[in-house]
>>> print(open('start_10.tsv').read())   # TSV, C-alpha atoms and all ligand atoms
chain	number	residue	atom	x	y	z
A	1071	MET	CA	-8.36	-20.40	-21.99
A	1072	SER	CA	-5.74	-18.09	-20.59
A	1073	GLU	CA	-5.76	-14.44	-21.62
A	1074	PHE	CA	-3.64	-11.32	-21.70
A	1075	ARG	CA	-5.22	-8.36	-19.88
A	1076	ARG	CA	-4.05	-4.78	-19.84
A	1077	GLY	CA	-4.48	-2.50	-16.81
A	1078	ALA	CA	-6.26	0.81	-17.54
A	1079	THR	CA	-4.28	2.75	-14.93
A	1080	ASN	CA	-0.80	1.44	-15.71
A	1081	ASN	CA	-0.80	-0.08	-19.24
A	1082	ARG	CA	0.70	-3.21	-17.69
A	1083	TRP	CA	-0.07	-6.60	-19.20
A	1084	VAL	CA	-0.81	-9.66	-17.07
A	1085	ILE	CA	-1.60	-13.24	-18.03
A	1086	ILE	CA	-4.66	-14.73	-16.33
A	1087	ALA	CA	-4.15	-18.49	-16.55
A	1088	PRO	CA	-7.13	-20.21	-14.88
A	1089	GLU	CA	-6.47	-23.66	-16.38
A	1090	ARG	CA	-3.81	-24.09	-13.77
A	1091	GLY	CA	-6.90	-24.95	-11.71
A	1092	CYS	CA	-6.08	-23.27	-8.42
A	1093	ARG	CA	-8.49	-23.20	-5.51
A	1094	PRO	CA	-8.12	-21.06	-2.36
A	1095	SER	CA	-7.07	-24.20	-0.44
A	1096	ASP	CA	-4.00	-24.50	-2.71
A	1097	PHE	CA	-2.75	-21.23	-1.22
A	1098	GLU	CA	-3.57	-21.76	2.46
A	1099	GLN	CA	-0.89	-20.52	4.84
A	1100	ARG	CA	-0.07	-21.48	8.40
A	1101	ARG	CA	0.94	-19.12	11.16
A	1102	ILE	CA	4.27	-17.46	10.48
A	1103	GLU	CA	7.08	-18.81	12.67
A	1104	TYR	CA	10.14	-16.68	12.08
A	1105	ASP	CA	10.28	-14.72	15.23
A	1106	ALA	CA	12.50	-14.48	18.28
A	1107	GLY	CA	9.61	-13.45	20.56
A	1108	PRO	CA	8.73	-10.36	22.61
A	1109	ASN	CA	11.86	-10.27	24.82
A	1110	ALA	CA	14.19	-9.73	21.86
A	1111	CYS	CA	11.75	-7.47	19.99
A	1112	PRO	CA	12.74	-3.78	19.78
A	1113	PHE	CA	9.13	-2.80	18.99
A	1114	CYS	CA	7.54	-4.35	22.10
A	1115	ALA	CA	6.31	-2.24	25.03
A	1116	GLY	CA	9.12	-2.07	27.62
A	1117	ASN	CA	11.88	-2.23	24.98
A	1118	GLU	CA	11.60	1.43	23.87
A	1119	ASP	CA	15.28	2.05	24.70
A	1120	MET	CA	16.24	-0.42	21.92
A	1121	THR	CA	14.97	2.02	19.25
A	1122	PRO	CA	16.08	5.48	18.08
A	1123	SER	CA	14.18	8.39	19.64
A	1124	GLU	CA	10.52	8.83	18.76
A	1125	LEU	CA	9.11	11.07	16.02
A	1126	TYR	CA	5.47	10.54	17.01
A	1127	ARG	CA	3.57	8.96	19.88
A	1128	ASP	CA	-0.09	8.26	20.49
A	1129	PRO	CA	-0.04	7.97	24.27
A	1130	ALA	CA	-2.17	5.61	26.33
A	1131	PRO	CA	-4.53	7.35	28.82
A	1132	ASP	CA	-2.39	6.32	31.83
A	1133	GLY	CA	0.37	8.59	30.49
A	1134	ARG	CA	3.00	5.85	30.60
A	1135	GLY	CA	2.19	3.47	27.78
A	1136	TRP	CA	1.42	4.10	24.14
A	1137	HIS	CA	-0.88	2.92	21.37
A	1138	VAL	CA	1.27	3.81	18.34
A	1139	ARG	CA	4.87	5.05	17.99
A	1140	VAL	CA	6.87	6.26	15.01
A	1141	ILE	CA	10.68	6.04	15.01
A	1142	PRO	CA	13.43	6.52	12.43
A	1143	ASN	CA	14.53	3.21	10.87
A	1144	LYS	CA	17.73	2.06	12.56
A	1145	TYR	CA	19.04	0.82	9.20
A	1146	PRO	CA	17.68	3.45	6.77
A	1147	ALA	CA	17.71	2.96	3.00
A	1148	LEU	CA	18.17	6.74	2.54
A	1149	MET	CA	19.65	9.63	4.56
A	1150	PRO	CA	17.89	12.98	5.20
A	1151	TYR	CA	20.67	15.17	3.78
A	1152	ALA	CA	23.67	14.91	1.46
A	1153	ASP	CA	27.08	14.75	3.15
A	1154	SER	CA	29.02	16.19	0.17
A	1155	ALA	CA	28.60	18.37	-2.92
A	1156	PRO	CA	26.45	16.92	-5.74
A	1157	GLU	CA	28.22	14.67	-8.23
A	1158	PRO	CA	28.45	15.91	-11.82
A	1159	ILE	CA	25.82	14.10	-13.91
A	1160	SER	CA	27.33	11.46	-16.17
A	1161	ARG	CA	25.46	10.40	-19.30
A	1162	PHE	CA	25.97	6.70	-18.75
A	1163	PHE	CA	26.67	6.39	-15.04
A	1164	GLU	CA	24.22	8.77	-13.46
A	1165	ARG	CA	24.02	8.87	-9.70
A	1166	ARG	CA	22.62	11.14	-7.00
A	1167	HIS	CA	22.96	11.29	-3.26
A	1168	GLY	CA	20.62	8.86	-1.54
A	1169	VAL	CA	18.56	11.66	0.05
A	1170	GLY	CA	15.31	10.71	1.72
A	1171	THR	CA	14.04	9.41	5.00
A	1172	HIS	CA	12.99	6.05	6.35
A	1173	GLU	CA	10.62	5.71	9.30
A	1174	VAL	CA	8.91	2.83	11.08
A	1175	ILE	CA	5.36	3.02	12.43
A	1176	ILE	CA	5.00	0.61	15.35
A	1177	GLU	CA	1.30	-0.13	15.18
A	1178	SER	CA	0.65	-1.70	18.56
A	1179	PRO	CA	2.42	-2.48	21.84
A	1180	VAL	CA	1.23	-6.10	21.39
A	1181	HIS	CA	3.79	-8.33	19.71
A	1182	ASN	CA	1.80	-10.84	17.70
A	1183	HIS	CA	-1.21	-8.89	16.49
A	1184	ASP	CA	-1.82	-7.99	12.88
A	1185	ILE	CA	-4.49	-5.81	11.22
A	1186	PRO	CA	-7.23	-8.48	11.43
A	1187	ASP	CA	-6.69	-8.62	15.23
A	1188	PHE	CA	-6.96	-4.86	15.82
A	1189	CYS	CA	-10.10	-3.25	17.22
A	1190	GLU	CA	-11.58	-0.37	15.26
A	1191	GLU	CA	-10.22	2.25	17.72
A	1192	GLN	CA	-6.65	0.95	17.36
A	1193	MET	CA	-6.88	0.88	13.57
A	1194	ILE	CA	-8.17	4.49	13.57
A	1195	ARG	CA	-5.13	5.51	15.66
A	1196	ILE	CA	-2.85	3.80	13.14
A	1197	VAL	CA	-4.55	5.56	10.19
A	1198	GLU	CA	-4.10	8.86	12.10
A	1199	ALA	CA	-0.38	8.13	12.50
A	1200	TYR	CA	-0.05	7.27	8.78
A	1201	SER	CA	-1.78	10.51	7.85
A	1202	ALA	CA	0.20	12.68	10.29
A	1203	ARG	CA	3.59	11.39	9.07
A	1204	PHE	CA	2.54	11.64	5.42
A	1205	LYS	CA	1.63	15.28	5.98
A	1206	VAL	CA	4.94	16.13	7.66
A	1207	LEU	CA	7.04	14.42	4.98
A	1208	MET	CA	5.03	15.83	2.05
A	1209	GLU	CA	5.67	19.34	3.37
A	1210	ASN	CA	9.44	18.82	3.33
A	1211	LEU	CA	10.76	20.33	0.10
A	1212	SER	CA	13.71	17.90	0.01
A	1213	PHE	CA	11.31	15.05	-0.68
A	1214	ARG	CA	9.30	14.48	-3.85
A	1215	TYR	CA	7.56	11.21	-3.13
A	1216	VAL	CA	6.37	9.54	0.06
A	1217	LEU	CA	5.56	5.83	0.07
A	1218	LEU	CA	3.92	4.05	2.99
A	1219	PHE	CA	4.08	0.28	2.87
A	1220	ARG	CA	3.54	-2.67	5.11
A	1221	ASN	CA	5.21	-6.09	4.81
A	1222	HIS	CA	3.63	-9.01	6.66
A	1223	GLY	CA	5.40	-12.38	6.65
A	1224	THR	CA	8.89	-13.35	5.49
A	1225	GLU	CA	7.75	-13.99	1.89
A	1226	ALA	CA	6.57	-10.36	1.86
A	1227	GLY	CA	9.93	-9.08	3.16
A	1228	ALA	CA	9.18	-8.66	6.89
A	1229	SER	CA	12.03	-9.39	9.30
A	1230	LEU	CA	10.03	-8.76	12.48
A	1231	LEU	CA	6.64	-10.21	13.37
A	1232	HIS	CA	5.68	-7.19	15.52
A	1233	PRO	CA	3.04	-5.19	13.59
A	1234	HIS	CA	4.64	-2.25	11.83
A	1235	SER	CA	4.62	-0.22	8.62
A	1236	GLN	CA	7.38	1.76	6.97
A	1237	ILE	CA	7.46	5.15	5.28
A	1238	ILE	CA	10.19	6.04	2.82
A	1239	ALA	CA	10.37	9.58	1.43
A	1240	THR	CA	12.59	9.96	-1.63
A	1241	SER	CA	14.08	12.89	-3.51
A	1242	ILE	CA	13.19	11.22	-6.84
A	1243	VAL	CA	9.68	10.33	-8.07
A	1244	PRO	CA	9.85	6.59	-8.88
A	1245	GLN	CA	9.47	5.52	-12.53
A	1246	GLN	CA	6.39	3.40	-11.84
A	1247	VAL	CA	4.66	6.39	-10.24
A	1248	ARG	CA	5.64	8.70	-13.12
A	1249	SER	CA	4.17	6.26	-15.61
A	1250	SER	CA	0.88	6.05	-13.68
A	1251	LEU	CA	0.71	9.87	-13.41
A	1252	ARG	CA	1.29	10.23	-17.15
A	1253	ILE	CA	-1.59	7.88	-17.95
A	1254	ALA	CA	-3.89	9.67	-15.49
A	1255	LYS	CA	-2.96	13.10	-16.90
A	1256	ALA	CA	-3.50	11.99	-20.52
A	1257	TYR	CA	-6.96	10.65	-19.63
A	1258	TYR	CA	-7.88	13.87	-17.82
A	1259	GLU	CA	-6.71	16.02	-20.73
A	1260	ARG	CA	-8.92	14.01	-23.10
A	1261	LYS	CA	-12.05	13.69	-20.96
A	1262	GLU	CA	-11.73	16.21	-18.11
A	1263	ARG	CA	-12.51	13.33	-15.80
A	1264	CYS	CA	-10.54	11.26	-13.30
A	1265	LEU	CA	-9.50	7.91	-14.76
A	1266	PHE	CA	-9.75	6.22	-11.37
A	1267	CYS	CA	-13.24	7.62	-10.59
A	1268	ASP	CA	-14.40	6.31	-13.98
A	1269	LEU	CA	-12.76	2.94	-13.37
A	1270	MET	CA	-14.48	2.71	-9.97
A	1271	LEU	CA	-17.87	3.48	-11.56
A	1272	ALA	CA	-17.24	0.81	-14.21
A	1273	GLU	CA	-16.31	-1.74	-11.52
A	1274	LEU	CA	-19.42	-0.87	-9.46
A	1275	ARG	CA	-21.64	-1.17	-12.54
A	1276	ASN	CA	-20.07	-4.52	-13.46
A	1277	GLY	CA	-20.04	-5.80	-9.86
A	1278	GLU	CA	-18.18	-9.03	-10.59
A	1279	ARG	CA	-14.93	-8.00	-8.92
A	1280	ILE	CA	-16.37	-5.93	-6.05
A	1281	VAL	CA	-15.50	-7.35	-2.62
A	1282	ASP	CA	-16.93	-4.69	-0.26
A	1283	GLU	CA	-18.28	-1.18	-0.29
A	1284	ASN	CA	-19.28	1.28	2.42
A	1285	ASP	CA	-20.13	5.01	2.37
A	1286	ASP	CA	-16.48	6.01	2.00
A	1287	PHE	CA	-14.54	3.14	0.37
A	1288	VAL	CA	-14.90	0.58	-2.39
A	1289	THR	CA	-12.82	-2.62	-2.46
A	1290	TRP	CA	-12.30	-4.84	-5.49
A	1291	THR	CA	-9.93	-7.28	-7.16
A	1292	PRO	CA	-8.34	-5.51	-10.16
A	1293	TYR	CA	-9.18	-6.71	-13.68
A	1294	ASP	CA	-5.41	-6.87	-14.29
A	1295	SER	CA	-4.51	-8.60	-10.97
A	1296	ARG	CA	-0.87	-9.70	-11.06
A	1297	PHE	CA	-1.21	-11.97	-8.04
A	1298	PRO	CA	-3.95	-14.28	-6.68
A	1299	PHE	CA	-6.33	-12.38	-4.37
A	1300	GLU	CA	-4.75	-8.98	-5.11
A	1301	ILE	CA	-7.09	-6.27	-3.74
A	1302	VAL	CA	-7.40	-2.51	-4.20
A	1303	ILE	CA	-9.17	-0.06	-1.88
A	1304	TYR	CA	-10.34	3.31	-3.28
A	1305	PRO	CA	-11.94	6.25	-1.49
A	1306	ARG	CA	-15.37	6.76	-3.04
A	1307	ALA	CA	-14.98	10.54	-3.07
A	1308	HIS	CA	-12.35	11.85	-5.45
A	1309	SER	CA	-9.10	12.80	-3.67
A	1310	HIS	CA	-5.51	12.86	-4.86
A	1311	ASP	CA	-3.83	13.06	-1.47
A	1312	PHE	CA	-4.03	10.40	1.24
A	1313	SER	CA	-3.17	12.89	3.99
A	1314	THR	CA	-6.28	15.04	3.38
A	1315	MET	CA	-8.78	12.42	4.58
A	1316	ALA	CA	-11.69	13.69	6.71
A	1317	ASP	CA	-12.34	12.07	10.11
A	1318	HIS	CA	-15.28	9.97	8.84
A	1319	GLN	CA	-13.06	8.65	6.03
A	1320	LYS	CA	-10.39	7.61	8.53
A	1321	VAL	CA	-13.04	5.59	10.36
A	1322	GLY	CA	-14.22	4.11	7.05
A	1323	LEU	CA	-10.68	3.19	6.07
A	1324	ALA	CA	-9.94	1.60	9.45
A	1325	ARG	CA	-13.06	-0.58	9.09
A	1326	THR	CA	-12.23	-1.44	5.49
A	1327	LEU	CA	-8.65	-2.49	6.30
A	1328	ILE	CA	-9.77	-4.71	9.17
A	1329	LEU	CA	-12.51	-6.28	7.07
A	1330	THR	CA	-10.30	-6.85	4.02
A	1331	THR	CA	-7.51	-8.53	5.99
A	1332	ARG	CA	-10.03	-10.61	7.95
A	1333	ARG	CA	-11.43	-11.88	4.65
A	1334	LEU	CA	-7.93	-12.84	3.52
A	1335	ARG	CA	-7.16	-14.58	6.80
A	1336	SER	CA	-10.48	-16.43	6.84
A	1337	LEU	CA	-9.92	-17.68	3.29
A	1338	LEU	CA	-6.16	-18.29	3.22
A	1339	GLY	CA	-4.85	-18.36	6.80
A	1340	ASP	CA	-1.97	-16.13	7.93
A	1341	VAL	CA	-1.12	-15.03	4.43
A	1342	PRO	CA	2.07	-13.03	3.74
A	1343	TYR	CA	1.14	-9.74	2.08
A	1344	ASN	CA	2.33	-6.29	1.12
A	1345	LEU	CA	0.16	-3.23	1.57
A	1346	VAL	CA	1.06	-0.08	-0.36
A	1347	ILE	CA	-0.53	3.38	-0.29
A	1348	GLU	CA	-0.34	5.04	-3.71
A	1349	THR	CA	-0.80	8.81	-3.57
A	1350	THR	CA	0.42	11.86	-5.53
A	1351	PRO	CA	3.99	13.11	-5.27
A	1352	SER	CA	4.68	16.52	-3.75
A	1353	LEU	CA	2.83	19.08	-5.88
A	1354	THR	CA	5.19	21.94	-5.15
A	1355	ALA	CA	6.44	23.32	-8.48
A	1356	ARG	CA	10.17	22.88	-9.08
A	1357	PRO	CA	12.48	24.97	-11.23
A	1358	GLY	CA	12.22	23.71	-14.80
A	1359	SER	CA	8.77	22.20	-14.36
A	1360	PRO	CA	6.49	25.05	-13.19
A	1361	GLY	CA	2.86	23.99	-13.02
A	1362	SER	CA	3.47	20.59	-14.60
A	1363	ARG	CA	1.67	18.91	-11.75
A	1364	SER	CA	-1.18	21.38	-11.44
A	1365	ILE	CA	-3.82	19.03	-12.91
A	1366	LEU	CA	-2.84	16.10	-10.71
A	1367	PRO	CA	-5.30	17.02	-7.93
A	1368	HIS	CA	-8.05	16.43	-10.51
A	1369	ALA	CA	-6.44	13.61	-12.49
A	1370	TYR	CA	-5.00	11.33	-9.78
A	1371	HIS	CA	-6.91	9.37	-7.13
A	1372	TRP	CA	-5.09	7.86	-4.17
A	1373	HIS	CA	-5.68	4.22	-3.34
A	1374	ILE	CA	-4.30	1.23	-1.48
A	1375	ALA	CA	-3.11	-2.08	-2.92
A	1376	VAL	CA	-3.09	-5.22	-0.76
A	1377	ILE	CA	-1.00	-7.92	-2.44
A	1378	PRO	CA	-0.90	-11.44	-0.96
A	1379	ARG	CA	2.46	-13.09	-1.74
A	1380	LEU	CA	1.36	-16.55	-2.76
A	1381	THR	CA	3.19	-16.94	-6.07
A	1382	ARG	CA	6.83	-16.23	-6.80
A	1383	VAL	CA	8.19	-13.68	-9.21
A	1384	ALA	CA	10.59	-15.63	-11.46
A	1385	GLY	CA	12.46	-15.49	-14.78
A	1386	PHE	CA	9.43	-14.93	-17.00
A	1387	GLU	CA	8.24	-11.95	-14.95
A	1388	LEU	CA	11.73	-10.44	-14.75
A	1389	GLY	CA	12.32	-10.94	-18.46
A	1390	THR	CA	8.99	-9.61	-19.72
A	1391	GLY	CA	7.35	-7.49	-17.01
A	1392	PHE	CA	4.25	-9.71	-17.49
A	1393	TYR	CA	2.89	-11.53	-14.46
A	1394	ILE	CA	1.18	-14.91	-14.62
A	1395	ASN	CA	-1.79	-15.15	-12.28
A	1396	PRO	CA	-3.54	-18.53	-11.95
A	1397	MET	CA	-6.52	-17.09	-10.01
A	1398	PRO	CA	-8.92	-14.99	-12.14
A	1399	PRO	CA	-9.86	-11.87	-10.13
A	1400	GLU	CA	-13.59	-12.57	-10.72
A	1401	GLU	CA	-13.22	-15.89	-8.87
A	1402	ALA	CA	-10.98	-14.35	-6.23
A	1403	ALA	CA	-13.64	-11.68	-5.50
A	1404	LYS	CA	-16.34	-14.34	-5.14
A	1405	HIS	CA	-14.21	-16.38	-2.70
A	1406	LEU	CA	-13.40	-13.23	-0.70
A	1407	ARG	CA	-17.07	-12.15	-0.57
A	1408	ASP	CA	-18.10	-15.65	0.58
A	1409	ALA	CA	-15.35	-15.89	3.24
A	1410	ALA	CA	-16.81	-16.22	6.74
A	1411	VAL	CA	-15.75	-13.11	8.63
A	1412	GLN	CA	-16.26	-12.81	12.38
A	1413	GLY	CA	-17.30	-9.50	13.88
A	1414	ILE	CA	-17.41	-7.24	10.85
A	1415	PRO	CA	-17.12	-3.75	12.33
A	1501	ZN	ZN	7.33	-7.13	19.66
A	1502	ZN	ZN	-11.00	10.27	-8.89
>>> encode(input="start_10.tsv", output="structure tokens")
Amino acid sequence: MSEFRRGATNNRWVIIAPERGCRPSDFEQRRIEYDAGPNACPFCAGNEDMTPSELYRDPAPDGRGWHVRVIPNKYPALMPYADSAPEPISRFFERRHGVGTHEVIIESPVHNHDIPDFCEEQMIRIVEAYSARFKVLMENLSFRYVLLFRNHGTEAGASLLHPHSQIIATSIVPQQVRSSLRIAKAYYERKERCLFCDLMLAELRNGERIVDENDDFVTWTPYDSRFPFEIVIYPRAHSHDFSTMADHQKVGLARTLILTTRRLRSLLGDVPYNLVIETTPSLTARPGSPGSRSILPHAYHWHIAVIPRLTRVAGFELGTGFYINPMPPEEAAKHLRDAAVQGIP
């Protein structure tokens, strides 16, 4: 029978509907073919003059090439500063300047690689670049929230095949993040414990949804998975801020990301997916809200969501906010654990 499930960290309801009888083979994907190829690709090695000037570079040892580059997005969603005085706030038609920044992390000079193809060293360099840019943007007082995300495949919103992630820093904390912070704070105020640490312990005790664990990270399919084969990755040690990872955790995360995406590829083929890093907003106190975020370092726990895009969001989801997922996360975890993975780092 299908069931409603509520997520402990977001109060969101999903509908798990297993009688739709889906198997992994129903979702198998073939190689993505939406690409013009390396010659027309602005992210390929040799085409550096097609992009805006670099913000970050991890150089190759020969001094000429590079392993990872970060550039401003040529078509940014937000601009770093306002070009006019602030608008008066209207009760019904509120608007603010679109202040923020939008960067692209080019994750490899090689055109058609994705995370499952990367070696551990390359993935560590990418995690270093993520962390370095997070740190810089979090220290900028104009920005309140920094989101790093990765779209792979057209169904996931990617317009270029070349491996890349994006970072958007915004001057407003998004509603979804506020809601999650509120739930985490309320839990901490009641129990003086981190909701996410407790959830991780409950998942480890239960075991049914665990996909992988190593010394530094635990991977599972959430009880309230909205999509088939949705995966979350949590650092085992409590930490609210992605950019404060120690070196051994960066290595652990690189291994975990490669392993997780290899499991998905082995099971489902070249699956379109979104990857999102969820971390705390800037904790600098603002006028009008002094200290309101001071418990967040204890109450919030950063994590990563990997969301394969195998089902479509349609009228029911838009109208209700509920998602219908035909693949119970307990079954998804079993399939992912059983997936044959070559060369686990
Ligand atoms: Zn390319
Ligand atoms: Zn925690």
>>> closest_residue(input="start_10.tsv", among="A:His1172, A:Arg1382, A:Arg1263, A:Arg1252", to="ligand ZN 1502 (chain A)", atoms="all atoms listed in the file")
A:Arg1263
>>> closest_residue(input="start_10.tsv", among="A:Thr1079, A:Ala1402, A:Ala1375, A:Arg1127", to="ligand ZN 1502 (chain A)", atoms="all atoms listed in the file")
A:Thr1079
>>> residues_around(input="start_10.tsv", residues="Ser1352 (chain A)", least_positions_apart="5", cutoff="9 Å", atoms="all atoms listed in the file", output="PyMOL selection string")
chain A and resi 1208-1211+1213-1216+1363
>>> write_last_selection(input="start_10.tsv", atoms="C-alpha atoms", output="PDB file, keeping the file's coordinate frame")
ATOM      1  CA  MET A1208       5.030  15.830   2.050  1.00  0.00           C
ATOM      2  CA  GLU A1209       5.670  19.340   3.370  1.00  0.00           C
ATOM      3  CA  ASN A1210       9.440  18.820   3.330  1.00  0.00           C
ATOM      4  CA  LEU A1211      10.760  20.330   0.100  1.00  0.00           C
ATOM      5  CA  PHE A1213      11.310  15.050  -0.680  1.00  0.00           C
ATOM      6  CA  ARG A1214       9.300  14.480  -3.850  1.00  0.00           C
ATOM      7  CA  TYR A1215       7.560  11.210  -3.130  1.00  0.00           C
ATOM      8  CA  VAL A1216       6.370   9.540   0.060  1.00  0.00           C
ATOM      9  CA  ARG A1363       1.670  18.910 -11.750  1.00  0.00           C
TER      10      ARG A1363
END
>>> atom_distance(input="start_10.tsv", atom1="CA of His1222 (chain A)", atom2="CA of Glu1387 (chain A)")
22.3 Å
>>> residues_near_ligand(input="start_10.tsv", ligand="ligand ZN 1502 (chain A)", cutoff="6 Å", atoms="only C-alpha atoms and all ligand atoms", output="PyMOL selection string")
chain A and resi 1264+1266-1267+1308+1371
>>> residues_around(input="start_10.tsv", residues="Asp1184 (chain A)", least_positions_apart="5", cutoff="9 Å", atoms="all atoms listed in the file", output="list in words")
Glu1177, Ser1178, His1222, Leu1231, His1232, Pro1233, His1234 and Thr1331 of chain A
>>> write_last_selection(input="start_10.tsv", atoms="C-alpha atoms", output="mmCIF file, keeping the file's coordinate frame")
data_model
loop_
_atom_site.group_PDB
_atom_site.id
_atom_site.type_symbol
_atom_site.label_atom_id
_atom_site.label_comp_id
_atom_site.auth_asym_id
_atom_site.auth_seq_id
_atom_site.Cartn_x
_atom_site.Cartn_y
_atom_site.Cartn_z
ATOM 1 C CA GLU A 1177 1.300 -0.130 15.180
ATOM 2 C CA SER A 1178 0.650 -1.700 18.560
ATOM 3 C CA HIS A 1222 3.630 -9.010 6.660
ATOM 4 C CA LEU A 1231 6.640 -10.210 13.370
ATOM 5 C CA HIS A 1232 5.680 -7.190 15.520
ATOM 6 C CA PRO A 1233 3.040 -5.190 13.590
ATOM 7 C CA HIS A 1234 4.640 -2.250 11.830
ATOM 8 C CA THR A 1331 -7.510 -8.530 5.990
#
>>> atom_distance(input="start_10.tsv", atom1="CA of Glu1073 (chain A)", atom2="CA of Ile1085 (chain A)")
5.6 Å
>>> atom_distance(input="start_10.tsv", atom1="CA of Trp1290 (chain A)", atom2="CA of Val1302 (chain A)")
5.6 Å
>>> closest_residue(input="start_10.tsv", among="A:Ala1403, A:Ala1078, A:Leu1366, A:Val1180", to="ligand ZN 1501 (chain A)", atoms="all atoms listed in the file")
A:Val1180
>>> residues_near_ligand(input="start_10.tsv", ligand="ligand ZN 1501 (chain A)", cutoff="9 Å", atoms="only C-alpha atoms and all ligand atoms", output="list in words")
Gly1107, Pro1108, Asn1109, Ala1110, Cys1111, Pro1112, Phe1113, Cys1114, Ala1115, Asn1117, Ser1178, Pro1179, Val1180, His1181, Asn1182, Leu1230, Leu1231, His1232 and Pro1233 of chain A
>>> closest_residue(input="start_10.tsv", among="A:Arg1166, A:Lys1255, A:Ser1229, A:Ala1239", to="Leu1148 (chain A)", atoms="only C-alpha atoms")
A:Ala1239
>>> residues_near_point(input="start_10.tsv", point="(4.9, -7.4, 3.3)", cutoff="7 Å", atoms="only C-alpha atoms", output="ChimeraX atom specification")
/A:1220-1223,1226-1228,1342-1345
>>> closest_residue(input="start_10.tsv", among="A:Leu1269, A:Ala1384, A:Met1149, A:Val1281", to="Ile1238 (chain A)", atoms="all atoms listed in the file")
A:Met1149
>>> closest_residue(input="start_10.tsv", among="A:Tyr1293, A:Tyr1258, A:Tyr1304, A:Tyr1370", to="Trp1083 (chain A)", atoms="only C-alpha atoms")
A:Tyr1293
>>> axis_aligned_box(input="start_10.tsv", around="region 1128-1133 of chain A", padding_each_side="8 Å", output="lines of an AutoDock Vina configuration file")
center_x = -2.1
center_y = 7.1
center_z = 26.2
size_x = 20.9
size_y = 19.0
size_z = 27.3
>>> residues_around(input="start_10.tsv", residues="Arg1076 (chain A)", least_positions_apart="4", cutoff="10 Å", atoms="all atoms listed in the file", output="PyMOL selection string")
chain A and resi 1080-1085+1293-1295+1392
>>> decode(input="start_10.tsv", residues="region 1168-1179 of chain A", atoms="N, CA, C and O atoms", output="PDB file, in the first residue's frame")
ATOM      1  N   GLY A1168      18.592  42.548  -7.373  1.00  0.00           N
ATOM      2  CA  GLY A1168      19.076  41.161  -7.506  1.00  0.00           C
ATOM      3  C   GLY A1168      20.553  41.067  -7.200  1.00  0.00           C
ATOM      4  O   GLY A1168      21.362  40.774  -8.081  1.00  0.00           O
ATOM      5  N   VAL A1169      20.923  41.328  -5.917  1.00  0.00           N
ATOM      6  CA  VAL A1169      22.337  41.337  -5.537  1.00  0.00           C
ATOM      7  C   VAL A1169      22.784  39.923  -5.161  1.00  0.00           C
ATOM      8  O   VAL A1169      22.109  39.226  -4.398  1.00  0.00           O
ATOM      9  N   GLY A1170      23.918  39.560  -5.702  1.00  0.00           N
ATOM     10  CA  GLY A1170      24.478  38.233  -5.421  1.00  0.00           C
ATOM     11  C   GLY A1170      25.615  37.996  -6.394  1.00  0.00           C
ATOM     12  O   GLY A1170      26.069  38.926  -7.062  1.00  0.00           O
ATOM     13  N   THR A1171      26.060  36.765  -6.478  1.00  0.00           N
ATOM     14  CA  THR A1171      27.089  36.460  -7.456  1.00  0.00           C
ATOM     15  C   THR A1171      26.869  35.051  -7.986  1.00  0.00           C
ATOM     16  O   THR A1171      26.213  34.238  -7.337  1.00  0.00           O
ATOM     17  N   HIS A1172      27.402  34.802  -9.161  1.00  0.00           N
ATOM     18  CA  HIS A1172      27.129  33.544  -9.846  1.00  0.00           C
ATOM     19  C   HIS A1172      28.426  33.094 -10.515  1.00  0.00           C
ATOM     20  O   HIS A1172      28.926  33.747 -11.413  1.00  0.00           O
ATOM     21  N   GLU A1173      28.989  32.002 -10.013  1.00  0.00           N
ATOM     22  CA  GLU A1173      30.279  31.523 -10.515  1.00  0.00           C
ATOM     23  C   GLU A1173      30.143  30.105 -11.077  1.00  0.00           C
ATOM     24  O   GLU A1173      29.221  29.380 -10.703  1.00  0.00           O
ATOM     25  N   VAL A1174      31.087  29.759 -11.928  1.00  0.00           N
ATOM     26  CA  VAL A1174      31.124  28.408 -12.493  1.00  0.00           C
ATOM     27  C   VAL A1174      32.457  27.751 -12.132  1.00  0.00           C
ATOM     28  O   VAL A1174      33.505  28.359 -12.320  1.00  0.00           O
ATOM     29  N   ILE A1175      32.393  26.551 -11.596  1.00  0.00           N
ATOM     30  CA  ILE A1175      33.604  25.781 -11.309  1.00  0.00           C
ATOM     31  C   ILE A1175      33.777  24.769 -12.435  1.00  0.00           C
ATOM     32  O   ILE A1175      32.948  23.862 -12.590  1.00  0.00           O
ATOM     33  N   ILE A1176      34.822  24.959 -13.231  1.00  0.00           N
ATOM     34  CA  ILE A1176      35.099  24.019 -14.332  1.00  0.00           C
ATOM     35  C   ILE A1176      35.959  22.913 -13.732  1.00  0.00           C
ATOM     36  O   ILE A1176      37.088  23.152 -13.303  1.00  0.00           O
ATOM     37  N   GLU A1177      35.408  21.704 -13.685  1.00  0.00           N
ATOM     38  CA  GLU A1177      35.975  20.674 -12.808  1.00  0.00           C
ATOM     39  C   GLU A1177      37.073  19.825 -13.439  1.00  0.00           C
ATOM     40  O   GLU A1177      37.682  19.015 -12.739  1.00  0.00           O
ATOM     41  N   SER A1178      37.289  20.016 -14.732  1.00  0.00           N
ATOM     42  CA  SER A1178      38.323  19.219 -15.394  1.00  0.00           C
ATOM     43  C   SER A1178      38.595  19.843 -16.752  1.00  0.00           C
ATOM     44  O   SER A1178      37.696  20.430 -17.344  1.00  0.00           O
ATOM     45  N   PRO A1179      39.831  19.695 -17.274  1.00  0.00           N
ATOM     46  CA  PRO A1179      40.060  20.143 -18.653  1.00  0.00           C
ATOM     47  C   PRO A1179      39.439  19.173 -19.666  1.00  0.00           C
ATOM     48  O   PRO A1179      39.311  19.505 -20.836  1.00  0.00           O
TER      49      PRO A1179
END
